[in-house]
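K.L.:
What follows is a structure written as structure tokens; I'll ask about it next.
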Amino acid sequence: MAAAHMEVNSENDAIQRKQSLYKSLDERFGIQKEMYRGQQYSQIYFARLHLMRTLLYSLLPNWKPHVPVCTVLGLEEGKECIIVGTIYKHMKLKPCILDEYSKERSATPLVKIHNFTSSDDYLVLEDESGRVKLCGTVLLPSVYVTGSVIALLGKETGASDFMVDDILEAGFPHQIERPLVSGEDKYVVFVSGLSVGGSSSNPLQFQLFIDHITGHLGDEKEQSFAAQIVQVVVAGNSVEYPSALLNGQNLSSKDQSRLSEPIKELDILLTQIAAGIPLDIMPGPNDPANFCLPQQALHRCLFPGSSSFNTFRSCTNPHSFELDNVSFLGTSGQNIDDLEKYSDANDKLEFMERTLRWRHLAPTAPNTLGCYPFTDRDPFFIETCPHVYFVGNQDKYLSRLIKGSEGQGVRFICIPRFVDTGAAVVLNLRNLECHTLSFGTELSP
């Protein structure tokens with residue numbers, strides 16, 4: 001538990017900052033005793049299939065109790081049955097490294113870089129015994145991605161395809177009941193995409209944000225609000241390095257100094273927050289951390305100022321924690337951005353909802369999203385339903401409260417890039433309502 005006092009000059013006593021009980025749940029995302037011995041990714045897929053199949057089998061009695069369950073190899077033409085397996089999505093527009101060396105690459109159709117779906121995509125279901133092509137109008141290829149595990153009801157056709165009549169997804173996991181509402185407002189602030197050191201970064205804008213949440217700006221009403229902020233979460237892409245310095249060439253001592261400047265500047269800024277408010281920082285794709293998920297915590301030596309406070313916590317990506325028994329789960333955005341490339345949805349919140357329904361935080365890993373080759377577990381499997389699910393580094397702020405079939409209530413939040421929008425997200429722990437805090441530095445003539 002981290003507590004801090006807020007010093008605000010007033011005629012009366014200083015306003016006391018509220019406190020909250022914090023519990024980290026990041027242990028499963030740590031890579032400590034794992035040993036890489038040249039293993040491939042088949043083992044993580046097998047671990048995922050085993051976990052999900054056990055779960056889906058437990059749901060079958062309430063779904064289709066009298067229909068037999070078959071393996072792919074055990075399918076019989078015209079016989080109705082249920083099969084459970086991992087989806088593989090065949091995509092002709094999916095980028096392939098071998099295309100760079102193909103003589104016919106000029107014949108490859110041009111495609112928007114942000115999405116590789118097409119009307120020719122089709123799905124295949126695979127288990128340990130074999131694979132079968134799926135057909136029918138019930139199962140939409142545009143919705144699913146390689147790596148998701150589902151149960152299907154249908155029949156094998158004369159063409160040796162499987163005609164799908166119905167689909168069973170795992171659904172939202174069980175949720176621990178939220179604690180009784182105390183009536184006391186406490187706030188969590190989310191910010192991401194600071195890009196300190198980048199050409200678009202505005203130091204004054206972030207300084208305004210810091211001064212506001214630490215209670216150094218505004219009147220007594222705003223300071224009283226700031227005193228109710230009990231946690232700040234920085235969700236990835238905190239720094240940005242000049243691309244010219246990252247070309248793989250040896251750096252001069254001057255360039256090495258330039259390379260360290262963004263993280264030094266970030267530390268100075270975060271120190272101001274950590275001096276007054278508990279702070280979690282997650283790595284993102286542009287930060288000095290490992291590329292593959294789960295990204296490990298940024299080393300504390302990068303933050304000599306911030307890490308001197310016990311309120312400062314360097315966390316993994318994905319990041320899971322509890323605050324006053326309200327559970328949080330979130331990423332720096334890679335999982336949702338990758339889903340957007342290989343499937344379609346109305347908005348980013350729909351992608352987030354799918355990952356929760358599929359019980360998997362990063363279904364496209366390791367196919368199109370880099371991840372560590374775990375051998376006996378899949379850390380991205382979602383065992384319990386969070387109360388708050390957030391993703392960082394998105395184009396715009398989106399939020400929705402979604403109810404599950406068993407009464408689960410989840411607040412989904414897309415955190416916009418601060419460097420582009422000047423916006424952070426504020427969540428009220430009491431009722432899970434949220435809004436944005438926007439900061440601008442435009443000077444009128």
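FYI, nothing fancy with the structure tokens labels: chains A, B, ... in order, residues from 1 per chain, ligands from 1 as they appear.
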Need to verify the contact set: stretch 228-231 of chain A, 10 Å, only C-alpha atoms, exclusion of same-chain residues closer than 2 positions in sequence. Can you return it as a ChimeraX atom specification?

P.N.:
/A:2-4,6,15-22,184-190,213-215,223-226,233,273-274,276-280,311,323,426-429

K.L.:
Skipping near chain neighbours, those fewer than 2 positions away, what residues fall within 7 Å of A:Asp166 using only C-alpha atoms, listed as a count of residues only?

P.N.:
6

K.L.:
Atom CA of A:Leu217 and atom CA of A:Val326 are how many Å apart?

P.N.:
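Taking atom CA of A:Leu217 and atom CA of A:Val326, their separation equals 29.0 Å.
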
K.L.:
For the contact check between stretch 208-296 of chain A and stretch 335-352 of chain A, emit one row per residue of stretch 208-296 of chain A within 12 Å, containing the shortest atom pair and the distance in Å rounded to one decimal, counting only C-alpha atoms, chain then rising number order, as a tab-separated table.

P.N.:
```
residue	atom	partner	partner_atom	distance
A:Gly284	CA	A:Asn335	CA	11.3
A:Pro285	CA	A:Asn335	CA	11.0
A:Cys292	CA	A:Asn335	CA	11.3
A:Leu293	CA	A:Asn335	CA	9.2
A:Pro294	CA	A:Asn335	CA	10.6
```

K.L.:
According to DSSP computed on the backbone, where in stretch 262-328 of chain A is there strand (DSSP E or B)? Give the residues as a PDB file with C-alpha atoms, in the first residue's frame.

P.N.:
```pdb
ATOM      1  CA  LEU A 279       2.611   5.488 -10.040  1.00  0.00           C
ATOM      2  CA  ASP A 280       2.730   2.399 -12.286  1.00  0.00           C
ATOM      3  CA  ILE A 281       4.685   2.536 -15.561  1.00  0.00           C
ATOM      4  CA  MET A 282       4.290  -0.124 -18.260  1.00  0.00           C
ATOM      5  CA  LEU A 293       5.026 -10.014 -25.063  1.00  0.00           C
ATOM      6  CA  GLN A 295       7.189  -7.169 -22.002  1.00  0.00           C
ATOM      7  CA  PHE A 312       6.978   4.186  -8.018  1.00  0.00           C
ATOM      8  CA  ARG A 313       6.375   0.756  -9.572  1.00  0.00           C
ATOM      9  CA  SER A 314       7.817  -0.464 -12.854  1.00  0.00           C
ATOM     10  CA  ASN A 317       2.933  -5.316 -20.150  1.00  0.00           C
ATOM     11  CA  HIS A 319      -0.334  -5.385 -16.384  1.00  0.00           C
ATOM     12  CA  SER A 320      -2.776  -6.743 -13.796  1.00  0.00           C
ATOM     13  CA  PHE A 321      -3.488  -5.335 -10.342  1.00  0.00           C
ATOM     14  CA  GLU A 322      -6.138  -4.684  -7.720  1.00  0.00           C
ATOM     15  CA  LEU A 323      -6.960  -1.360  -6.144  1.00  0.00           C
ATOM     16  CA  VAL A 326     -11.316  -3.543  -7.845  1.00  0.00           C
ATOM     17  CA  SER A 327      -9.401  -5.615 -10.422  1.00  0.00           C
ATOM     18  CA  PHE A 328      -7.624  -4.071 -13.420  1.00  0.00           C
TER      19      PHE A 328
END
```

K.L.:
Would you mind listing what lies within 10 Å of stretch 58-61 of chain A as a PyMOL selection string, with only C-alpha atoms counted and same-chain residues fewer than 2 positions away left out?

P.N.:
chain A and resi 52-56+63-69+82+151+168-171

K.L.:
Quick one: write out the picked residues with N, CA and C atoms as a PDB file, in the first residue's frame?

P.N.:
```
ATOM      1  N   MET A  52      -8.215 -24.293 -22.897  1.00  0.00           N
ATOM      2  CA  MET A  52      -9.498 -23.858 -23.430  1.00  0.00           C
ATOM      3  C   MET A  52     -10.445 -25.027 -23.678  1.00  0.00           C
ATOM      4  N   ARG A  53      -9.906 -26.166 -24.113  1.00  0.00           N
ATOM      5  CA  ARG A  53     -10.769 -27.326 -24.363  1.00  0.00           C
ATOM      6  C   ARG A  53     -11.398 -27.818 -23.070  1.00  0.00           C
ATOM      7  N   THR A  54     -10.606 -27.857 -21.987  1.00  0.00           N
ATOM      8  CA  THR A  54     -11.151 -28.256 -20.689  1.00  0.00           C
ATOM      9  C   THR A  54     -12.283 -27.328 -20.277  1.00  0.00           C
ATOM     10  N   LEU A  55     -12.078 -26.036 -20.512  1.00  0.00           N
ATOM     11  CA  LEU A  55     -13.089 -25.040 -20.170  1.00  0.00           C
ATOM     12  C   LEU A  55     -14.341 -25.205 -21.034  1.00  0.00           C
ATOM     13  N   LEU A  56     -14.155 -25.361 -22.341  1.00  0.00           N
ATOM     14  CA  LEU A  56     -15.302 -25.488 -23.244  1.00  0.00           C
ATOM     15  C   LEU A  56     -16.073 -26.785 -23.002  1.00  0.00           C
ATOM     16  N   TRP A  63     -25.057 -26.423 -23.157  1.00  0.00           N
ATOM     17  CA  TRP A  63     -25.210 -25.900 -24.524  1.00  0.00           C
ATOM     18  C   TRP A  63     -25.903 -26.929 -25.422  1.00  0.00           C
ATOM     19  N   LYS A  64     -25.263 -28.059 -25.652  1.00  0.00           N
ATOM     20  CA  LYS A  64     -25.823 -29.132 -26.470  1.00  0.00           C
ATOM     21  C   LYS A  64     -25.559 -30.468 -25.770  1.00  0.00           C
ATOM     22  N   PRO A  65     -26.357 -30.796 -24.750  1.00  0.00           N
ATOM     23  CA  PRO A  65     -26.028 -31.951 -23.901  1.00  0.00           C
ATOM     24  C   PRO A  65     -26.076 -33.305 -24.604  1.00  0.00           C
ATOM     25  N   HIS A  66     -26.833 -33.436 -25.692  1.00  0.00           N
ATOM     26  CA  HIS A  66     -27.034 -34.761 -26.289  1.00  0.00           C
ATOM     27  C   HIS A  66     -26.245 -34.952 -27.591  1.00  0.00           C
ATOM     28  N   VAL A  67     -25.399 -33.972 -27.933  1.00  0.00           N
ATOM     29  CA  VAL A  67     -24.631 -34.084 -29.182  1.00  0.00           C
ATOM     30  C   VAL A  67     -23.243 -34.627 -28.860  1.00  0.00           C
ATOM     31  N   PRO A  68     -22.788 -35.662 -29.573  1.00  0.00           N
ATOM     32  CA  PRO A  68     -21.470 -36.232 -29.281  1.00  0.00           C
ATOM     33  C   PRO A  68     -20.341 -35.280 -29.661  1.00  0.00           C
ATOM     34  N   VAL A  69     -19.206 -35.432 -28.952  1.00  0.00           N
ATOM     35  CA  VAL A  69     -18.013 -34.636 -29.227  1.00  0.00           C
ATOM     36  C   VAL A  69     -17.026 -35.503 -30.006  1.00  0.00           C
ATOM     37  N   ILE A  82     -19.934 -32.174 -32.256  1.00  0.00           N
ATOM     38  CA  ILE A  82     -19.248 -30.972 -31.781  1.00  0.00           C
ATOM     39  C   ILE A  82     -17.744 -31.212 -31.873  1.00  0.00           C
ATOM     40  N   ALA A 151     -15.672 -23.950 -29.770  1.00  0.00           N
ATOM     41  CA  ALA A 151     -16.381 -25.210 -30.030  1.00  0.00           C
ATOM     42  C   ALA A 151     -17.400 -24.966 -31.135  1.00  0.00           C
ATOM     43  N   LEU A 168     -19.853 -22.004 -30.012  1.00  0.00           N
ATOM     44  CA  LEU A 168     -19.765 -21.780 -28.570  1.00  0.00           C
ATOM     45  C   LEU A 168     -18.403 -21.173 -28.254  1.00  0.00           C
ATOM     46  N   GLU A 169     -18.431 -19.965 -27.729  1.00  0.00           N
ATOM     47  CA  GLU A 169     -17.205 -19.320 -27.233  1.00  0.00           C
ATOM     48  C   GLU A 169     -17.170 -19.463 -25.719  1.00  0.00           C
ATOM     49  N   ALA A 170     -16.004 -19.292 -25.149  1.00  0.00           N
ATOM     50  CA  ALA A 170     -15.855 -19.470 -23.701  1.00  0.00           C
ATOM     51  C   ALA A 170     -16.669 -18.440 -22.920  1.00  0.00           C
ATOM     52  N   GLY A 171     -16.810 -17.228 -23.467  1.00  0.00           N
ATOM     53  CA  GLY A 171     -17.569 -16.187 -22.781  1.00  0.00           C
ATOM     54  C   GLY A 171     -16.760 -15.519 -21.686  1.00  0.00           C
TER      55      GLY A 171
END
```
